[in-house]
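One structure is given below, encoded as structure tokens.
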Amino acid sequence: MHAQNVALILVDLQVDFMPMGMLPVAEGDQVVPIANALMPAYHTVVATQDWHPANHGSFAANHPWRKPGQVIDLHGLPQVLWPIHCVQETWGAEFVAELDTDRITRVFQKGTDPEIDSYSGFFDNGHRKSTGMAEWLRARGIEEVHVLGLAADFCVKFTVLDALKEGFRTTLIREATRGVELEAGDVERAVAEMREAGAEILV
Ligand code: VGL
Ligand code: ZN
């Protein structure tokens with residue numbers, strides 16, 4: 001059992017990020033049994049859930065003549081365009097059926113504002129609005145977080161970087177994350193960035 005001041009953060013273990021989903025992460029399903037095995041060792045388990053309205057600005061389908069993978073300016077921020085994914089109240093936005101959701105203490109949803117994307121579980125991509133996760137963790141006495149989930153090169157990376165900025169001791173559970181890899185090597189670069197920012201990388 002970990003000390004009470006340590007929380008586990010499960011990032012976006014949702015149907016659409018599984019290999020058969022709309023925004024597939026290769027081997028993303030392999031992370032789920034590891035999450036299930038680790039959860040009982042933590043007093044506090046938080047899960048983030050990508051939770052977009054259908055008109056979300058990160059969806060290529062909402063922009064004329066745009067395709068997934070292209071980058072646009074979305075209200076002043078560069079935005080990678082994605083396939084339609086994790087739409088609120090749809091199957092793709094559900095946590096994977098195999099995940100032991102009973103062990104999750106609290107869920108934080110993100111990406112609900114159509115005008116801005118939110119990779120981190122703590123803030124939107126412009127760092128304008130907080131999800132309340134840092135305050136909630138601090139109120140429970142949490143000082144250290146362990147992070148796993150999808151995708152390593154997007155939501156996991158930005159969640160880890162924000163956890164560090166918020167003052168939490170932060171560990172990435174490397175074996176329990178996989179990436180989108182828009183370009184080969186993105187995951188390795190993301191891991192290096194997290195390490196340089198002060199995260200411990202648990203292999
Ligand atoms: C994610 C792209 C778009 C992620 C979410 O969970 O890493 N990536 N939305
Ligand atoms: Zn998303």
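The chains in the structure tokens are called A, B, ... from first to last as shown; in each chain the residues are counted from 1, and the ligands are counted from 1 in the order shown.
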
Quick one: contact table of chain A to ligand 2, 10 Å max, nearest atom pair and distance in Å to one decimal per residue, counting only C-alpha atoms and all ligand atoms, chain and number order, as a tab-separated table?
```
residue	atom	partner	partner_atom_place_in_ligand_line	distance
A:Asp12	CA	ligand 2	1 (Zn)	9.1
A:Asp16	CA	ligand 2	1 (Zn)	9.5
A:Phe17	CA	ligand 2	1 (Zn)	9.5
A:Leu23	CA	ligand 2	1 (Zn)	8.7
A:Gln49	CA	ligand 2	1 (Zn)	9.1
A:Asp50	CA	ligand 2	1 (Zn)	5.4
A:Trp51	CA	ligand 2	1 (Zn)	7.2
A:His52	CA	ligand 2	1 (Zn)	6.7
A:His56	CA	ligand 2	1 (Zn)	8.9
A:Gly57	CA	ligand 2	1 (Zn)	9.9
A:Ser58	CA	ligand 2	1 (Zn)	7.1
A:Phe59	CA	ligand 2	1 (Zn)	8.4
A:Leu81	CA	ligand 2	1 (Zn)	9.6
A:Trp82	CA	ligand 2	1 (Zn)	7.5
A:Pro83	CA	ligand 2	1 (Zn)	9.0
A:Ile84	CA	ligand 2	1 (Zn)	8.4
A:His85	CA	ligand 2	1 (Zn)	6.4
A:Cys86	CA	ligand 2	1 (Zn)	6.5
A:Val87	CA	ligand 2	1 (Zn)	8.7
A:Ala93	CA	ligand 2	1 (Zn)	9.7
A:Lys110	CA	ligand 2	1 (Zn)	8.3
A:Gly111	CA	ligand 2	1 (Zn)	6.4
A:Thr112	CA	ligand 2	1 (Zn)	9.4
A:Asp117	CA	ligand 2	1 (Zn)	6.9
A:Ser118	CA	ligand 2	1 (Zn)	7.1
A:Tyr119	CA	ligand 2	1 (Zn)	7.0
A:Phe154	CA	ligand 2	1 (Zn)	9.4
A:Cys155	CA	ligand 2	1 (Zn)	8.5
```

Kindly save the residues from that selection, with C-alpha atoms included, as a short mmCIF file (atom, residue, chain, number, x, y, z; two decimals), in the first residue's frame.
```
data_model
loop_
_atom_site.label_atom_id
_atom_site.label_comp_id
_atom_site.auth_asym_id
_atom_site.auth_seq_id
_atom_site.Cartn_x
_atom_site.Cartn_y
_atom_site.Cartn_z
CA ASP A 12 -8.21 8.74 -20.58
CA ASP A 16 -12.01 5.63 -28.43
CA PHE A 17 -8.30 5.39 -27.48
CA LEU A 23 -8.47 7.73 -32.17
CA GLN A 49 -12.09 11.51 -19.08
CA ASP A 50 -11.86 13.23 -22.46
CA TRP A 51 -15.42 14.57 -22.80
CA HIS A 52 -16.05 16.60 -25.92
CA HIS A 56 -15.60 20.53 -30.54
CA GLY A 57 -12.97 22.58 -32.38
CA SER A 58 -10.37 19.78 -32.21
CA PHE A 59 -12.42 17.61 -34.59
CA LEU A 81 -7.02 18.13 -35.72
CA TRP A 82 -8.34 14.75 -34.61
CA PRO A 83 -10.98 12.31 -35.78
CA ILE A 84 -14.28 12.70 -33.91
CA HIS A 85 -13.65 11.01 -30.54
CA CYS A 86 -14.89 10.88 -26.95
CA VAL A 87 -18.14 12.67 -27.65
CA ALA A 93 -16.27 8.25 -24.38
CA LYS A 110 -11.92 17.74 -19.73
CA GLY A 111 -12.25 19.09 -23.25
CA THR A 112 -15.84 20.23 -22.67
CA ASP A 117 -8.75 21.58 -26.30
CA SER A 118 -7.58 20.15 -23.02
CA TYR A 119 -4.85 17.53 -23.00
CA PHE A 154 -0.48 14.10 -25.49
CA CYS A 155 -2.71 13.82 -22.45
#
```

message: List as JSON, numbers by chain the protein and nucleic acid residues near Ala199 in chain A, meaning an atom at most 6 Å away when only C-alpha atoms are counted, but skip any in the same chain fewer than 2 places from it.
response: {"A": [170, 171, 194, 195]}

query: Counting only C-alpha atoms, which of A:Leu202, A:Met18, A:Val180, A:Leu137 gets nearest to Phe95 in chain A?
result: A:Met18

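Pairwise distance (CA of Glu193 in chain A, CA of Leu150 in chain A) equals 16.4 Å.
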
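Considering only C-alpha atoms, the residue among A:Ile116, A:Gly198, A:Ile142, A:Val191 positioned nearest to Gln4 in chain A is A:Ile142.
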
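Between CA of Ala176 in chain A and CA of Leu8 in chain A the interatomic distance comes to 11.9 Å.
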
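Residue nearest Met1 in chain A within the list A:Pro40, A:Gly149, A:Gly132, A:Gly28: A:Pro40 [criterion: smallest interatomic distance, only C-alpha atoms].
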
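The spacing separating CA of Val156 in chain A from CA of Asp100 in chain A amounts to 19.6 Å.
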
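With distances restricted to only C-alpha atoms, A:Pro114 is the closest residue to Ala54 in chain A from A:Gly69, A:Gly167, A:Pro114, A:Gly121.
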
Write out as an mmCIF file with N, CA, C and O atoms, in the first residue's frame the set of residues from range 11-193 of chain A that DSSP, computed on the backbone, places in strand (DSSP E or B).
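Contents of states29.cif, freshly written:
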```cif
data_model
loop_
_atom_site.group_PDB
_atom_site.id
_atom_site.type_symbol
_atom_site.label_atom_id
_atom_site.label_comp_id
_atom_site.auth_asym_id
_atom_site.auth_seq_id
_atom_site.Cartn_x
_atom_site.Cartn_y
_atom_site.Cartn_z
ATOM 1 N N VAL A 11 -5.150 8.286 -16.927
ATOM 2 C CA VAL A 11 -5.467 9.260 -17.978
ATOM 3 C C VAL A 11 -6.216 8.602 -19.152
ATOM 4 O O VAL A 11 -5.686 7.692 -19.804
ATOM 5 N N GLN A 14 -10.287 5.226 -22.196
ATOM 6 C CA GLN A 14 -11.607 5.263 -22.834
ATOM 7 C C GLN A 14 -11.623 4.484 -24.138
ATOM 8 O O GLN A 14 -10.589 4.306 -24.805
ATOM 9 N N THR A 44 -6.255 6.860 -3.047
ATOM 10 C CA THR A 44 -6.941 7.807 -3.930
ATOM 11 C C THR A 44 -6.589 7.496 -5.376
ATOM 12 O O THR A 44 -5.409 7.458 -5.730
ATOM 13 N N VAL A 45 -7.606 7.257 -6.173
ATOM 14 C CA VAL A 45 -7.411 7.017 -7.612
ATOM 15 C C VAL A 45 -8.276 8.027 -8.361
ATOM 16 O O VAL A 45 -9.494 8.060 -8.166
ATOM 17 N N VAL A 46 -7.648 8.864 -9.177
ATOM 18 C CA VAL A 46 -8.453 9.767 -9.988
ATOM 19 C C VAL A 46 -8.309 9.382 -11.457
ATOM 20 O O VAL A 46 -7.256 8.897 -11.881
ATOM 21 N N ALA A 47 -9.386 9.560 -12.192
ATOM 22 C CA ALA A 47 -9.371 9.254 -13.623
ATOM 23 C C ALA A 47 -9.740 10.519 -14.377
ATOM 24 O O ALA A 47 -10.641 11.254 -13.964
ATOM 25 N N THR A 48 -9.032 10.767 -15.475
ATOM 26 C CA THR A 48 -9.467 11.837 -16.363
ATOM 27 C C THR A 48 -10.277 11.206 -17.490
ATOM 28 O O THR A 48 -10.084 10.040 -17.840
ATOM 29 N N GLN A 49 -11.214 11.984 -18.008
ATOM 30 C CA GLN A 49 -12.089 11.505 -19.082
ATOM 31 C C GLN A 49 -12.209 12.610 -20.129
ATOM 32 O O GLN A 49 -12.714 13.695 -19.845
ATOM 33 N N ASP A 50 -11.719 12.304 -21.337
ATOM 34 C CA ASP A 50 -11.864 13.231 -22.457
ATOM 35 C C ASP A 50 -13.360 13.272 -22.777
ATOM 36 O O ASP A 50 -13.979 12.223 -22.983
ATOM 37 N N HIS A 52 -15.838 15.508 -24.978
ATOM 38 C CA HIS A 52 -16.051 16.603 -25.921
ATOM 39 C C HIS A 52 -17.507 16.744 -26.360
ATOM 40 O O HIS A 52 -18.166 15.735 -26.637
ATOM 41 N N PHE A 59 -12.004 18.636 -33.630
ATOM 42 C CA PHE A 59 -12.422 17.608 -34.589
ATOM 43 C C PHE A 59 -12.256 18.146 -36.010
ATOM 44 O O PHE A 59 -12.858 19.172 -36.378
ATOM 45 N N VAL A 71 -2.729 20.769 -38.710
ATOM 46 C CA VAL A 71 -2.682 21.693 -37.573
ATOM 47 C C VAL A 71 -3.304 23.022 -38.007
ATOM 48 O O VAL A 71 -2.969 23.550 -39.067
ATOM 49 N N ILE A 72 -4.222 23.520 -37.192
ATOM 50 C CA ILE A 72 -4.839 24.819 -37.469
ATOM 51 C C ILE A 72 -4.594 25.753 -36.286
ATOM 52 O O ILE A 72 -4.104 25.332 -35.244
ATOM 53 N N ASP A 73 -4.955 27.010 -36.471
ATOM 54 C CA ASP A 73 -4.983 27.959 -35.359
ATOM 55 C C ASP A 73 -6.415 27.948 -34.813
ATOM 56 O O ASP A 73 -7.355 28.246 -35.545
ATOM 57 N N LEU A 74 -6.567 27.536 -33.563
ATOM 58 C CA LEU A 74 -7.896 27.498 -32.946
ATOM 59 C C LEU A 74 -7.949 28.576 -31.873
ATOM 60 O O LEU A 74 -7.392 28.403 -30.783
ATOM 61 N N LEU A 77 -4.473 29.363 -30.570
ATOM 62 C CA LEU A 77 -3.549 28.287 -30.189
ATOM 63 C C LEU A 77 -3.410 27.298 -31.336
ATOM 64 O O LEU A 77 -4.398 26.993 -32.010
ATOM 65 N N PRO A 78 -2.186 26.777 -31.570
ATOM 66 C CA PRO A 78 -2.061 25.715 -32.575
ATOM 67 C C PRO A 78 -2.833 24.483 -32.108
ATOM 68 O O PRO A 78 -2.755 24.111 -30.942
ATOM 69 N N GLN A 79 -3.587 23.894 -33.019
ATOM 70 C CA GLN A 79 -4.428 22.751 -32.654
ATOM 71 C C GLN A 79 -4.254 21.637 -33.677
ATOM 72 O O GLN A 79 -4.527 21.834 -34.860
ATOM 73 N N VAL A 80 -3.801 20.478 -33.233
ATOM 74 C CA VAL A 80 -3.803 19.286 -34.084
ATOM 75 C C VAL A 80 -5.256 18.862 -34.249
ATOM 76 O O VAL A 80 -6.008 18.811 -33.282
ATOM 77 N N TRP A 82 -8.161 16.167 -34.911
ATOM 78 C CA TRP A 82 -8.343 14.745 -34.610
ATOM 79 C C TRP A 82 -9.597 14.219 -35.273
ATOM 80 O O TRP A 82 -10.505 14.995 -35.602
ATOM 81 N N VAL A 87 -17.001 11.750 -27.691
ATOM 82 C CA VAL A 87 -18.139 12.674 -27.649
ATOM 83 C C VAL A 87 -18.999 12.324 -26.429
ATOM 84 O O VAL A 87 -19.310 11.151 -26.191
ATOM 85 N N PHE A 95 -15.422 4.724 -20.201
ATOM 86 C CA PHE A 95 -14.209 4.008 -19.783
ATOM 87 C C PHE A 95 -14.286 2.598 -20.355
ATOM 88 O O PHE A 95 -15.381 2.046 -20.533
ATOM 89 N N ARG A 106 -12.586 9.533 -7.968
ATOM 90 C CA ARG A 106 -13.167 10.751 -8.541
ATOM 91 C C ARG A 106 -12.761 10.857 -10.018
ATOM 92 O O ARG A 106 -11.618 10.531 -10.367
ATOM 93 N N VAL A 107 -13.683 11.284 -10.858
ATOM 94 C CA VAL A 107 -13.418 11.470 -12.292
ATOM 95 C C VAL A 107 -13.375 12.972 -12.597
ATOM 96 O O VAL A 107 -14.234 13.724 -12.125
ATOM 97 N N PHE A 108 -12.380 13.391 -13.357
ATOM 98 C CA PHE A 108 -12.325 14.768 -13.841
ATOM 99 C C PHE A 108 -12.470 14.756 -15.351
ATOM 100 O O PHE A 108 -11.654 14.149 -16.047
ATOM 101 N N GLN A 109 -13.524 15.429 -15.834
ATOM 102 C CA GLN A 109 -13.747 15.492 -17.275
ATOM 103 C C GLN A 109 -13.069 16.732 -17.835
ATOM 104 O O GLN A 109 -12.896 17.727 -17.140
ATOM 105 N N LYS A 110 -12.662 16.626 -19.098
ATOM 106 C CA LYS A 110 -11.922 17.739 -19.728
ATOM 107 C C LYS A 110 -12.264 17.791 -21.203
ATOM 108 O O LYS A 110 -12.778 16.815 -21.758
ATOM 109 N N PHE A 123 -5.593 21.508 -16.570
ATOM 110 C CA PHE A 123 -5.935 22.778 -17.230
ATOM 111 C C PHE A 123 -6.227 22.549 -18.705
ATOM 112 O O PHE A 123 -5.764 21.576 -19.295
ATOM 113 N N SER A 130 -9.090 25.836 -14.925
ATOM 114 C CA SER A 130 -8.687 24.646 -14.177
ATOM 115 C C SER A 130 -9.858 23.670 -14.113
ATOM 116 O O SER A 130 -11.019 24.082 -14.085
ATOM 117 N N GLU A 144 1.938 13.638 -3.819
ATOM 118 C CA GLU A 144 2.660 12.890 -4.856
ATOM 119 C C GLU A 144 1.652 12.189 -5.751
ATOM 120 O O GLU A 144 0.649 11.654 -5.261
ATOM 121 N N VAL A 145 1.911 12.211 -7.073
ATOM 122 C CA VAL A 145 1.017 11.508 -7.998
ATOM 123 C C VAL A 145 1.811 10.555 -8.891
ATOM 124 O O VAL A 145 2.956 10.838 -9.257
ATOM 125 N N HIS A 146 1.176 9.429 -9.198
ATOM 126 C CA HIS A 146 1.723 8.456 -10.135
ATOM 127 C C HIS A 146 0.771 8.428 -11.328
ATOM 128 O O HIS A 146 -0.443 8.315 -11.138
ATOM 129 N N VAL A 147 1.327 8.554 -12.528
ATOM 130 C CA VAL A 147 0.484 8.768 -13.702
ATOM 131 C C VAL A 147 0.673 7.638 -14.713
ATOM 132 O O VAL A 147 1.803 7.227 -15.008
ATOM 133 N N LEU A 148 -0.463 7.171 -15.269
ATOM 134 C CA LEU A 148 -0.426 6.185 -16.356
ATOM 135 C C LEU A 148 -1.583 6.473 -17.298
ATOM 136 O O LEU A 148 -2.462 7.277 -16.991
ATOM 137 N N GLY A 149 -1.602 5.813 -18.448
ATOM 138 C CA GLY A 149 -2.745 5.938 -19.353
ATOM 139 C C GLY A 149 -2.371 6.367 -20.753
ATOM 140 O O GLY A 149 -1.266 6.124 -21.233
ATOM 141 N N LEU A 150 -3.322 7.032 -21.404
ATOM 142 C CA LEU A 150 -3.221 7.362 -22.832
ATOM 143 C C LEU A 150 -3.517 8.848 -23.040
ATOM 144 O O LEU A 150 -4.335 9.404 -22.332
ATOM 145 N N ARG A 169 5.085 15.883 -6.336
ATOM 146 C CA ARG A 169 6.110 14.936 -6.768
ATOM 147 C C ARG A 169 5.415 14.012 -7.762
ATOM 148 O O ARG A 169 4.317 13.526 -7.487
ATOM 149 N N THR A 170 6.054 13.779 -8.904
ATOM 150 C CA THR A 170 5.333 13.121 -9.999
ATOM 151 C C THR A 170 6.156 11.999 -10.614
ATOM 152 O O THR A 170 7.320 12.196 -10.963
ATOM 153 N N THR A 171 5.523 10.830 -10.739
ATOM 154 C CA THR A 171 6.158 9.674 -11.369
ATOM 155 C C THR A 171 5.325 9.214 -12.556
ATOM 156 O O THR A 171 4.102 9.088 -12.444
ATOM 157 N N LEU A 172 5.978 8.988 -13.682
ATOM 158 C CA LEU A 172 5.323 8.375 -14.841
ATOM 159 C C LEU A 172 5.544 6.872 -14.771
ATOM 160 O O LEU A 172 6.678 6.409 -14.642
ATOM 161 N N ILE A 173 4.461 6.108 -14.843
ATOM 162 C CA ILE A 173 4.578 4.645 -14.879
ATOM 163 C C ILE A 173 4.701 4.246 -16.353
ATOM 164 O O ILE A 173 3.725 4.046 -17.062
ATOM 165 N N ARG A 174 5.935 4.165 -16.797
ATOM 166 C CA ARG A 174 6.260 4.046 -18.220
ATOM 167 C C ARG A 174 5.644 2.821 -18.885
ATOM 168 O O ARG A 174 5.211 2.888 -20.038
ATOM 169 N N GLU A 175 5.618 1.691 -18.174
ATOM 170 C CA GLU A 175 5.099 0.462 -18.800
ATOM 171 C C GLU A 175 3.587 0.537 -19.003
ATOM 172 O O GLU A 175 3.025 -0.246 -19.760
ATOM 173 N N ALA A 176 2.946 1.489 -18.333
ATOM 174 C CA ALA A 176 1.488 1.595 -18.413
ATOM 175 C C ALA A 176 1.056 2.826 -19.204
ATOM 176 O O ALA A 176 0.057 3.477 -18.886
ATOM 177 N N THR A 177 1.835 3.155 -20.233
ATOM 178 C CA THR A 177 1.407 4.218 -21.141
ATOM 179 C C THR A 177 1.809 3.846 -22.564
ATOM 180 O O THR A 177 2.777 3.110 -22.776
ATOM 181 N N ARG A 178 1.039 4.327 -23.535
ATOM 182 C CA ARG A 178 1.340 4.151 -24.964
ATOM 183 C C ARG A 178 0.991 5.461 -25.658
ATOM 184 O O ARG A 178 0.186 6.222 -25.150
#
```

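Take the candidates A:Val25, A:Met133, A:Ala192, A:Leu10 and check each one against Thr101 in chain A using only C-alpha atoms; the shortest distance goes to A:Leu10.
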
statement: The residue from A:His2, A:Lys157, A:Lys129, A:Lys165 with the smallest atom-to-atom distance to ligand 1, counting only C-alpha atoms and all ligand atoms, is A:Lys157

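Per DSSP on the backbone, helix (DSSP H, G or I) in range 146-177 of chain A comprises Ala152, Asp153, Phe154, Cys155, Val156, Lys157, Phe158, Thr159, Val160, Leu161, Asp162, Ala163, Leu164 and Lys165 of chain A.
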